[in-house]
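Working notes, structure below.
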Amino acid sequence: IWTLQNFVPLSVGKLFFDLELPNNHPLNSILVKFIAGTALPPEAIRLPNLLAATGSLLLIWHLTKKCWRERAAYWSIFFLALSAPHLVYSVQARGYSLQIFFLLLYAAALAGCHTGKKSIYCSLAAIAGAVGAITTLPTSCIYLCGITLILWNLNDCRRPGKNQIITVAVSAVLALTYLLSNLESLLAARKWGEKIVSAGKLFSFSGETLYMLISPAILIFLAWGAFKVRKLWWSAAALLIMLFGSALFTNAGPPRVYLPLTAAGAILCGIGAAALHEKVKEKYQMLFVLGAVLITFGAYQLQMPSWRFTNYLPVINQVQDLPPEVLVIYPASESFPVLWNSNGQAAEQYARQLNSGLNRLMLIKST
């Protein structure tokens, strides 16, 4: 609702270049604006992310199969499909599922970008993935760097092929061009988020975020998968250091900012589950599959309450029926109902809140 009411009225140029507002995911906002201008019902604004989440299942299968084995690819689909945060944001009009789709597209296409007749198509797909990811969420630049390092590491750090070098170079130039052209608004957006002031706070924040993204219930699959690809540890560590270390300079975001890690976790869990599956005697393999399914479904059930959105619509409808002398007080941390009642000026009001740097308790009087 917030995206529909407060981003749709803005121009395409403002949506594409105004990155100070954290909830403006440019490419997603433009798609929402386009869909809102059609005869489709309002719920259709969620369609791009639903399609992207579905496409991510196909891409994670392709990527895992190409870099590992087919059995691990099917397990990876399973773990991503039952990731509570991934599922929640696949039906929201936010850009996180789009970001994951484009990052997986970049990774899968770059992994296949060697030689042959299809190489040019892989290069174009990888470049499209990089551009799509960076224009959906600028934080994608860190993930793109990490993916490139991991794929290079997977190739034993050998000299990449000419096509891969050109693909990475073009992707980097286009991504940097977009970031540098929006540098002022990106620097202004640092007012958003939680300030990290110590190493202890950084480790605590990183641990809490990973706990939110990947349920401890599937840790056995994740740990075994990480062990099986242990030669990639240094490049994976580099990604995590870049990702969480950036919080020292840009402030830490909520767990959803790090949502692409759910796809990485699904791949590791898929590799781990496939490896464990192979170790089980044939007569017990179906029992293993059943146990893995139950564990993963249990992990989903444990995660979902932490990610499920509060439905404010009944509250908003109730507020509208209250007499004018009633003062409605919302929790200070809940900006959604506050901005929903901003008479179409949510973007401007949000910017003022960020610029003021004050954490104020918002009081709204119903009219």
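By order of appearance in the structure tokens: chains A, B, ..., then residues from 1 within every chain, and ligands from 1 in the order shown.
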Pick out the residues sitting within 12 Å of Ala128 of chain A, and hand them over as an NGL selection string; count only C-alpha atoms, and ignore anything fewer than 2 positions along from it in its own chain.
:A and (99 or 101-110 or 121-126 or 130-136 or 167-168 or 170-172 or 174-175)
Hey, can you spit out that residue selection with N, CA, C and O atoms as a compact mmCIF listing (two decimals), in the first residue's frame?
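The new file again-v9.txt reads:
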```
# COMPACT_ATOMS: atom_id res chain seq x y z
N GLN A 99 15.99 -8.46 -6.64
CA GLN A 99 17.44 -8.43 -6.42
C GLN A 99 18.04 -9.83 -6.44
O GLN A 99 19.06 -10.07 -7.10
N PHE A 101 16.82 -12.52 -7.81
CA PHE A 101 16.71 -13.07 -9.17
C PHE A 101 17.86 -12.57 -10.05
O PHE A 101 18.53 -13.36 -10.74
N PHE A 102 18.11 -11.27 -10.04
CA PHE A 102 19.15 -10.71 -10.90
C PHE A 102 20.55 -11.15 -10.46
O PHE A 102 21.43 -11.36 -11.30
N LEU A 103 20.77 -11.29 -9.16
CA LEU A 103 22.07 -11.76 -8.69
C LEU A 103 22.30 -13.21 -9.11
O LEU A 103 23.42 -13.58 -9.52
N LEU A 104 21.27 -14.04 -9.01
CA LEU A 104 21.40 -15.42 -9.46
C LEU A 104 21.59 -15.49 -10.98
O LEU A 104 22.34 -16.34 -11.48
N LEU A 105 20.91 -14.60 -11.70
CA LEU A 105 21.09 -14.54 -13.16
C LEU A 105 22.53 -14.20 -13.50
O LEU A 105 23.14 -14.82 -14.38
N TYR A 106 23.09 -13.21 -12.80
CA TYR A 106 24.48 -12.84 -13.02
C TYR A 106 25.41 -14.02 -12.74
O TYR A 106 26.30 -14.33 -13.55
N ALA A 107 25.20 -14.70 -11.62
CA ALA A 107 26.07 -15.81 -11.23
C ALA A 107 25.96 -16.97 -12.21
O ALA A 107 26.98 -17.52 -12.66
N ALA A 108 24.72 -17.36 -12.56
CA ALA A 108 24.53 -18.50 -13.46
C ALA A 108 25.08 -18.21 -14.85
O ALA A 108 25.71 -19.07 -15.48
N ALA A 109 24.84 -16.99 -15.34
CA ALA A 109 25.31 -16.64 -16.69
C ALA A 109 26.83 -16.50 -16.72
O ALA A 109 27.48 -16.96 -17.66
N LEU A 110 27.40 -15.89 -15.68
CA LEU A 110 28.85 -15.72 -15.65
C LEU A 110 29.56 -17.08 -15.55
O LEU A 110 30.62 -17.29 -16.14
N TYR A 121 25.47 -14.98 -25.44
CA TYR A 121 24.18 -14.87 -24.75
C TYR A 121 24.37 -14.90 -23.24
O TYR A 121 23.67 -14.19 -22.50
N CYS A 122 25.30 -15.73 -22.78
CA CYS A 122 25.61 -15.77 -21.35
C CYS A 122 26.18 -14.43 -20.88
O CYS A 122 25.84 -13.93 -19.80
N SER A 123 27.04 -13.84 -21.71
CA SER A 123 27.62 -12.54 -21.36
C SER A 123 26.53 -11.48 -21.24
O SER A 123 26.50 -10.69 -20.28
N LEU A 124 25.63 -11.45 -22.21
CA LEU A 124 24.55 -10.46 -22.19
C LEU A 124 23.63 -10.69 -20.99
O LEU A 124 23.18 -9.74 -20.35
N ALA A 125 23.37 -11.96 -20.67
CA ALA A 125 22.52 -12.28 -19.51
C ALA A 125 23.20 -11.85 -18.21
O ALA A 125 22.54 -11.31 -17.31
N ALA A 126 24.51 -12.08 -18.11
CA ALA A 126 25.23 -11.68 -16.90
C ALA A 126 25.23 -10.17 -16.73
O ALA A 126 25.02 -9.65 -15.63
N ALA A 130 23.59 -8.00 -13.68
CA ALA A 130 24.31 -7.01 -12.88
C ALA A 130 23.58 -5.67 -12.89
O ALA A 130 23.41 -5.04 -11.83
N VAL A 131 23.14 -5.24 -14.06
CA VAL A 131 22.44 -3.96 -14.17
C VAL A 131 21.09 -4.02 -13.44
O VAL A 131 20.71 -3.09 -12.72
N GLY A 132 20.37 -5.14 -13.61
CA GLY A 132 19.09 -5.30 -12.93
C GLY A 132 19.25 -5.28 -11.42
O GLY A 132 18.46 -4.66 -10.70
N ALA A 133 20.29 -5.97 -10.92
CA ALA A 133 20.51 -6.03 -9.47
C ALA A 133 20.87 -4.66 -8.91
O ALA A 133 20.34 -4.23 -7.89
N ILE A 134 21.77 -3.94 -9.58
CA ILE A 134 22.26 -2.66 -9.05
C ILE A 134 21.19 -1.58 -9.13
O ILE A 134 21.13 -0.69 -8.29
N THR A 135 20.30 -1.66 -10.14
CA THR A 135 19.24 -0.66 -10.25
C THR A 135 18.01 -1.03 -9.41
O THR A 135 17.11 -0.22 -9.26
N THR A 136 18.00 -2.24 -8.88
CA THR A 136 16.95 -2.60 -7.93
C THR A 136 17.36 -2.18 -6.53
O THR A 136 16.60 -1.51 -5.82
N THR A 167 32.92 -9.49 -19.74
CA THR A 167 31.60 -9.44 -19.08
C THR A 167 31.68 -8.76 -17.73
O THR A 167 30.86 -7.89 -17.40
N VAL A 168 32.66 -9.14 -16.93
CA VAL A 168 32.84 -8.55 -15.61
C VAL A 168 33.18 -7.07 -15.73
O VAL A 168 32.66 -6.23 -14.98
N VAL A 170 32.47 -4.91 -18.22
CA VAL A 170 31.30 -4.12 -18.66
C VAL A 170 30.30 -3.99 -17.51
O VAL A 170 29.75 -2.90 -17.28
N SER A 171 30.07 -5.08 -16.80
CA SER A 171 29.15 -5.03 -15.66
C SER A 171 29.63 -4.04 -14.60
O SER A 171 28.84 -3.26 -14.05
N ALA A 172 30.94 -4.05 -14.34
CA ALA A 172 31.51 -3.16 -13.32
C ALA A 172 31.39 -1.70 -13.75
O ALA A 172 31.03 -0.83 -12.94
N LEU A 174 29.16 -0.33 -15.82
CA LEU A 174 27.76 0.10 -15.77
C LEU A 174 27.29 0.28 -14.32
O LEU A 174 26.58 1.25 -14.00
N ALA A 175 27.69 -0.64 -13.44
CA ALA A 175 27.31 -0.53 -12.04
C ALA A 175 27.93 0.70 -11.39
O ALA A 175 27.24 1.45 -10.67
```
Report as a PDB file with C-alpha atoms, in the first residue's frame all protein, DNA and RNA residues lying within 8 Å of Phe17 of chain A, evaluated on only C-alpha atoms, omitting residues in the same chain fewer than 4 positions from it.
```
ATOM      1  CA  GLY A  13      13.370  10.006 -13.123  1.00  0.00           C
ATOM      2  CA  PRO A  26      14.202   1.953  -8.247  1.00  0.00           C
ATOM      3  CA  ASN A 182      23.754   8.801  -7.440  1.00  0.00           C
TER       4      ASN A 182
END
```
Which residues are close to segment 35-51 of chain A, i.e. within 10 Å by only C-alpha atoms, leaving aside same-chain residues fewer than 5 positions away? Reply as a ChimeraX atom specification.
/A:1,3-5,8-9,28-30,56,87,89-101
To one decimal place, how far is atom CA of Ile165 of chain A from atom CA of Ile267 of chain A in Å?
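Atom-to-atom, atom CA of Ile165 of chain A to atom CA of Ile267 of chain A, that is 24.9 Å.
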Between atom CA of Phe221 of chain A and atom CA of His277 of chain A lies a distance of 10.4 Å
Which residues in segment 141-331 of chain A does DSSP call strand (DSSP E or B)? List them as a list in words.
Glu194, Ala252, Leu327, Val328 and Ile329 of chain A
Any chance you can output those residues with C-alpha atoms as an mmCIF file, in the first residue's frame?
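The resulting file, again-v1.cif, is shown below:
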```cif
data_model
loop_
_atom_site.group_PDB
_atom_site.id
_atom_site.type_symbol
_atom_site.label_atom_id
_atom_site.label_comp_id
_atom_site.auth_asym_id
_atom_site.auth_seq_id
_atom_site.Cartn_x
_atom_site.Cartn_y
_atom_site.Cartn_z
ATOM 1 C CA GLU A 194 21.664 1.394 13.003
ATOM 2 C CA ALA A 252 23.547 -1.468 9.556
ATOM 3 C CA LEU A 327 -5.827 10.632 19.647
ATOM 4 C CA VAL A 328 -4.264 7.578 18.000
ATOM 5 C CA ILE A 329 -0.757 6.682 19.167
#
```
